[in-house]
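Working notes, beginning with the structure itself.
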Amino acid sequence: MSVIEGLSHIVLTTSSVEKYESTVQFYSLFGYQPISQVGSRVLSNEVSQFLPREEKVLHLFGKPPTQDITIRIVLTTNANEKEPLPEEKDWRLEQSSLVSATKNIVDVESILESINLKYQKYTYPNESDSLVAPLSADLVHTEIYTHDPLNNLITFTNKPIPISKSIYPIKPISPIKQQDISSSNISTEPKTKKKRIGMLTSGGDSPGMNAAVRAVVRVAISRGCDVYAIYEGYEGLVNGGDMIKKFGWADVRGYLAIGGTLIGSARCKAFREREGRLNSAYNMVKNGIDALIVCGGDGSLTGADVLRSEWPGLLDELIKEGRITAEEAAPHKHLTVVGLVGSIDNDMSSTDITIGAVSSLHRICEAVDSISATALSHSRAFVIEVMGRNCGWLALMAAVSTGADFVFIPERPPASDDWESEMCEILNKHRKLGKRKTIVIVAEGAIDKNLKPIKADYIKELLSNRMKLDTRVTTLGHTQRGGKPCSFDRNLATLQGVEAVHAVLRATSDTPSPMIGVRQNKITCEPLMKAVGLTRQVAEAISRKDFRRAMELRDPEFSEDYAAYIETTIVNDETLSKNKVCIKPT
Ligand SMILES: Nc1ncnc2c1ncn2[C@@H]1O[C@H](COP(=O)(O)OP(=O)(O)O)[C@@H](O)[C@H]1O
Ligand SMILES: O=P(O)(O)OC[C@H]1O[C@](O)(COP(=O)(O)O)[C@@H](O)[C@@H]1O
């Protein structure tokens with residue numbers, strides 16, 4: 001028996017008031033009725049500014065055999081905005097967010113005409129379909145594809161049985177005879193050419209990278225491709241030789257449980273130069289590799305896309321230099337690049353979580369728990385520095401998970417000019433309420449509101465001198481990055497590795513390089529450079545001191561986590577001090 005009883009509602013989010021209003025109007029045109037509205041657009045509380053501001057719930061009463069649909073339209077700063085659908089594409093190939101059954105497809109069409117909205121219409125059977133037999137009535141129907149103001153693809157169908165998956169009895173097209181093929185139709189690619197995929201891990205290693213390599217290798221083999229491990233990140237591409245090795249099924253045996261990356265990683269200076277990428281193109285052509293799956297952070301994924309964009313020019317240069325022949329280059333006209341995000345920092349936009357971040361967080365929590373035990377014994381204070389480069393996710397999540405007394409992250413510097421006094425006041429309050437230990441977590445990229453770095457040693461001085469606490473600094477360092485991947489990272493990397501190979505096989509010469517992500521528990525495929533661009537915007541927002549924007553640009557839960565941390569950890573209950581209740585250490 002299933003544990004759920006059916007669809008509750010669909011949630012659509014936007015940060016634009018205009019789009020919010022027009023989405024409500026759009027769905028109303030098709031008969032959805034408002035059943036409730038909550039929220040206020042003006043919230044003064046600093047924390048609340050990141051929470052949903054307003055939402056409307058619309059309901060459509062379905063007629064059997066269909067069911068009612070409820071749509072919640074939310075106005076929030078943390079919206080997942082979608083890109084407009086490319087008009088030239090066949091929208092049937094995209095994933096619809098909502099498929100509605102209708103008996104009045106003509107009315108649907110007139111509504112779309114009346115609001116001047118683009119749509120695609122398909123009638124079955126199609127004139128060009130070669131039917132084996134007349135279609136049964138339940139297969140004759142029309143489908144209309146359009147999008148709502150938030151760019152969600154929506155479909156209308158007048159199929160008599162809306163969820164019927166029956167297929168059309170179309171005659172197979174007879175094989176083309178040799179004499180029918182004109183020379184202009186002959187592809188330069190040999191028909192039997194096997195796809196050859198290169199896989200590399202690059203940048204800082206992260207737990208779960210091995211699971212990604214394993215999945216890519218095995219799915220590629222299952223799909224009839226050859227797969228090559230490229231050792232030491234881009235170093236292997238630049239140097240070639242035995243740093244590029246064909247992998248078989250058994251080569252990745254035992255990979256799942258091992259931390260780091262068994263095919264090695266590097267920060268490769270040579271690949272940043274065109275000369276290095278020219279050598280990489282040479283080594284790829286010589287090995288017949290024309291698709292590359294890269295698992296790394298935003299730097300590694302940018303590097304892969306640079307290689308893809310330069311590819312035709314690099315091949316021309318190699319031909320001119322006489323290093324490869326035109327015949328060798330011909331089957332490799334396009335390079336397909338797919339990105340998997342492997343980084344403990346969880347700093348990539350357009351994905352909820354990166355491969356390795358959860359394992360690293362577990363490690364940090366274990367370390368903080370251990371330090372807490374000794375802090376408690378000696379009534380000491382500890383300032384713990386955690387990794388994350390310019391991202392505060394690890395620090396914030398560790399603070400939430402361990403109940404640290406204070407946290408410093410780059411995206412949300414302390415609001416006050418005299419944050420030192422405010423921090424001491426909060427820590428003092430916790431001490432007065434009976435806490436025997438003080439834990440301050442500081443992200444390695446923490447800054448104050450004037451962009452001055454906040455370092456663990458400086459905090460230690462404050463705690464020792466002003467609060468007279470016996471204070472130690474612990475820098476967790478690379479223990480955070482190594483070690484076994486947790487099951488979440490093994491699963492994530494496996495699912496994403498599978499999708500990466502599928503993305504390679506789907507790619508055409510004009511598809512932008514995709515990045516495999518995960519959103520709301522679904523594996524996603526987003527334009528890689530768009531995600532990299534959004535990621536860079538966080539650093540830009542911070543450098544402009546626009547910290548509100550920096551928080552918005554992180555994944556939607558970031559602000560909620562921050563709010564939860566403040567509410568659950570910074571004591572804010574006056575009754576406690578009045579009644580002198582002693583708080584047990586967390
Ligand atoms: N703009 C770029 N052009 C070419 N290669 C790059 C670029 N940025 C990064 N790379 C390559 O990716 C490697 C890893 O990048 P880095 O930023 O250090 O780590 P991460 O991928 O974890 O962000 C670099 O050492 C370099 O070889
Ligand atoms: O190991 P290194 O080269 O000192 O790099 C340390 C950096 O690598 C990381 O562990 C991971 O960063 P990337 O995923 O961007 O490579 C950062 O948190 C840290 O700042």
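Identifiers for the structure tokens are assigned positionally: chains receive A, B, ... in sequence, residues are indexed from 1 per chain, and ligands are indexed from 1 in the order shown.
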
Find the residues around Asp417 (chain A) up to 12 Å (only C-alpha atoms counted), leave out those fewer than 2 positions away in its own chain, and share them as a ChimeraX atom specification. /A:413-415,419-423,448-452

Given a cut-off of 10 Å, what residues near ligand 1 show up using only C-alpha atoms and all ligand atoms, put as an MDAnalysis selection string? chainID A and resid 201:206 233:235 238 265:274 276:277 294:307 341:345 347:348 389 532

For region 505-514 of chain A, find every residue with an atom within 6 Å (counting only C-alpha atoms), except residues of its own chain fewer than 6 positions away, and show them as a PDB file with N, CA, C and O atoms, in the first residue's frame.
```pdb
ATOM      1  N   VAL A 337      30.679  18.609 -23.955  1.00  0.00           N
ATOM      2  CA  VAL A 337      31.185  18.736 -22.587  1.00  0.00           C
ATOM      3  C   VAL A 337      30.009  18.651 -21.624  1.00  0.00           C
ATOM      4  O   VAL A 337      28.982  19.283 -21.844  1.00  0.00           O
ATOM      5  N   VAL A 338      30.153  17.853 -20.587  1.00  0.00           N
ATOM      6  CA  VAL A 338      29.116  17.770 -19.551  1.00  0.00           C
ATOM      7  C   VAL A 338      29.793  17.939 -18.183  1.00  0.00           C
ATOM      8  O   VAL A 338      30.846  17.354 -17.928  1.00  0.00           O
ATOM      9  N   CYS A 525      19.437  19.072 -15.429  1.00  0.00           N
ATOM     10  CA  CYS A 525      20.429  19.303 -16.463  1.00  0.00           C
ATOM     11  C   CYS A 525      20.267  20.769 -16.859  1.00  0.00           C
ATOM     12  O   CYS A 525      19.254  21.136 -17.436  1.00  0.00           O
ATOM     13  N   GLU A 526      21.210  21.619 -16.475  1.00  0.00           N
ATOM     14  CA  GLU A 526      21.061  23.064 -16.698  1.00  0.00           C
ATOM     15  C   GLU A 526      22.224  23.558 -17.543  1.00  0.00           C
ATOM     16  O   GLU A 526      23.295  22.960 -17.517  1.00  0.00           O
ATOM     17  N   PRO A 527      22.041  24.690 -18.248  1.00  0.00           N
ATOM     18  CA  PRO A 527      23.193  25.211 -19.007  1.00  0.00           C
ATOM     19  C   PRO A 527      24.353  25.535 -18.063  1.00  0.00           C
ATOM     20  O   PRO A 527      24.194  26.278 -17.092  1.00  0.00           O
ATOM     21  N   LEU A 528      25.478  24.928 -18.351  1.00  0.00           N
ATOM     22  CA  LEU A 528      26.639  25.006 -17.447  1.00  0.00           C
ATOM     23  C   LEU A 528      27.115  26.442 -17.224  1.00  0.00           C
ATOM     24  O   LEU A 528      27.321  26.878 -16.094  1.00  0.00           O
TER      25      LEU A 528
END
```

Which residues are near Asn152 (chain A)? Cut-off 10 Å, only C-alpha atoms, ignore same chain within fewer than 6 positions. Put them as a PyMOL selection string. chain A and resi 12+81-85+95-98+146

Those selected residues, please, written with N, CA and C atoms and delivered as a PDB file, in the first residue's frame.
```
ATOM      1  N   LEU A  12       4.646  26.995  -7.550  1.00  0.00           N
ATOM      2  CA  LEU A  12       5.372  27.798  -8.528  1.00  0.00           C
ATOM      3  C   LEU A  12       5.913  29.017  -7.793  1.00  0.00           C
ATOM      4  N   GLU A  81      13.837  30.678 -10.978  1.00  0.00           N
ATOM      5  CA  GLU A  81      13.325  31.225 -12.242  1.00  0.00           C
ATOM      6  C   GLU A  81      13.768  30.329 -13.391  1.00  0.00           C
ATOM      7  N   LYS A  82      12.867  30.116 -14.361  1.00  0.00           N
ATOM      8  CA  LYS A  82      13.224  29.290 -15.522  1.00  0.00           C
ATOM      9  C   LYS A  82      13.520  30.166 -16.724  1.00  0.00           C
ATOM     10  N   GLU A  83      14.338  29.647 -17.629  1.00  0.00           N
ATOM     11  CA  GLU A  83      14.651  30.349 -18.875  1.00  0.00           C
ATOM     12  C   GLU A  83      13.478  30.197 -19.842  1.00  0.00           C
ATOM     13  N   PRO A  84      13.261  31.186 -20.750  1.00  0.00           N
ATOM     14  CA  PRO A  84      12.199  31.008 -21.758  1.00  0.00           C
ATOM     15  C   PRO A  84      12.509  29.805 -22.638  1.00  0.00           C
ATOM     16  N   LEU A  85      11.467  29.167 -23.166  1.00  0.00           N
ATOM     17  CA  LEU A  85      11.674  27.994 -24.023  1.00  0.00           C
ATOM     18  C   LEU A  85      12.118  28.455 -25.403  1.00  0.00           C
ATOM     19  N   GLN A  95      10.243  18.692 -20.807  1.00  0.00           N
ATOM     20  CA  GLN A  95       9.392  18.183 -19.721  1.00  0.00           C
ATOM     21  C   GLN A  95       8.303  19.188 -19.386  1.00  0.00           C
ATOM     22  N   SER A  96       7.047  18.782 -19.501  1.00  0.00           N
ATOM     23  CA  SER A  96       5.958  19.687 -19.106  1.00  0.00           C
ATOM     24  C   SER A  96       5.832  19.725 -17.590  1.00  0.00           C
ATOM     25  N   SER A  97       5.549  20.920 -17.060  1.00  0.00           N
ATOM     26  CA  SER A  97       5.338  21.016 -15.612  1.00  0.00           C
ATOM     27  C   SER A  97       3.914  20.604 -15.269  1.00  0.00           C
ATOM     28  N   LEU A  98       3.011  20.778 -16.212  1.00  0.00           N
ATOM     29  CA  LEU A  98       1.601  20.510 -15.944  1.00  0.00           C
ATOM     30  C   LEU A  98       0.937  20.061 -17.240  1.00  0.00           C
ATOM     31  N   THR A 146       2.362  25.257 -24.449  1.00  0.00           N
ATOM     32  CA  THR A 146       2.623  26.687 -24.265  1.00  0.00           C
ATOM     33  C   THR A 146       3.343  26.863 -22.933  1.00  0.00           C
TER      34      THR A 146
END
```

Find the spatial neighbours of Glu557 (chain A), counting only C-alpha atoms, within a cut-off of 10 Å - ignore same-chain residues fewer than 3 positions away - and output them as a count of residues only. 11

Report the distance between CA of Ser8 (chain A) and CA of Thr142 (chain A) in Å, rounded to one decimal place. 27.9 Å

DSSP-assigned strand (DSSP E or B) members of region 247-490 of chain A, reported as a ChimeraX atom specification: /A:291-296,336-342,355,381-386,406-408,438-443,447,453,471-475

Of the candidates A:Pro556, A:Gly388, A:Gly477, A:Pro453, which shows the shortest atom-to-atom distance to ligand 2, using only C-alpha atoms and all ligand atoms? A:Gly388

Interatomic distance between CA of Leu476 (chain A) and CA of Ser360 (chain A)?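 A separation of 10.8 Å between them.
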
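What separates CA of Leu200 (chain A) from CA of His478 (chain A) is a distance of 21.3 Å.
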
Taking the DSSP assignment computed from this structure's backbone, write out as number ranges by chain all residues of region 340-565 of chain A that belong to alpha helix (DSSP H). A: 357-378, 393-402, 419-432, 456-465, 487-506, 528-543, 547-553, 557-565
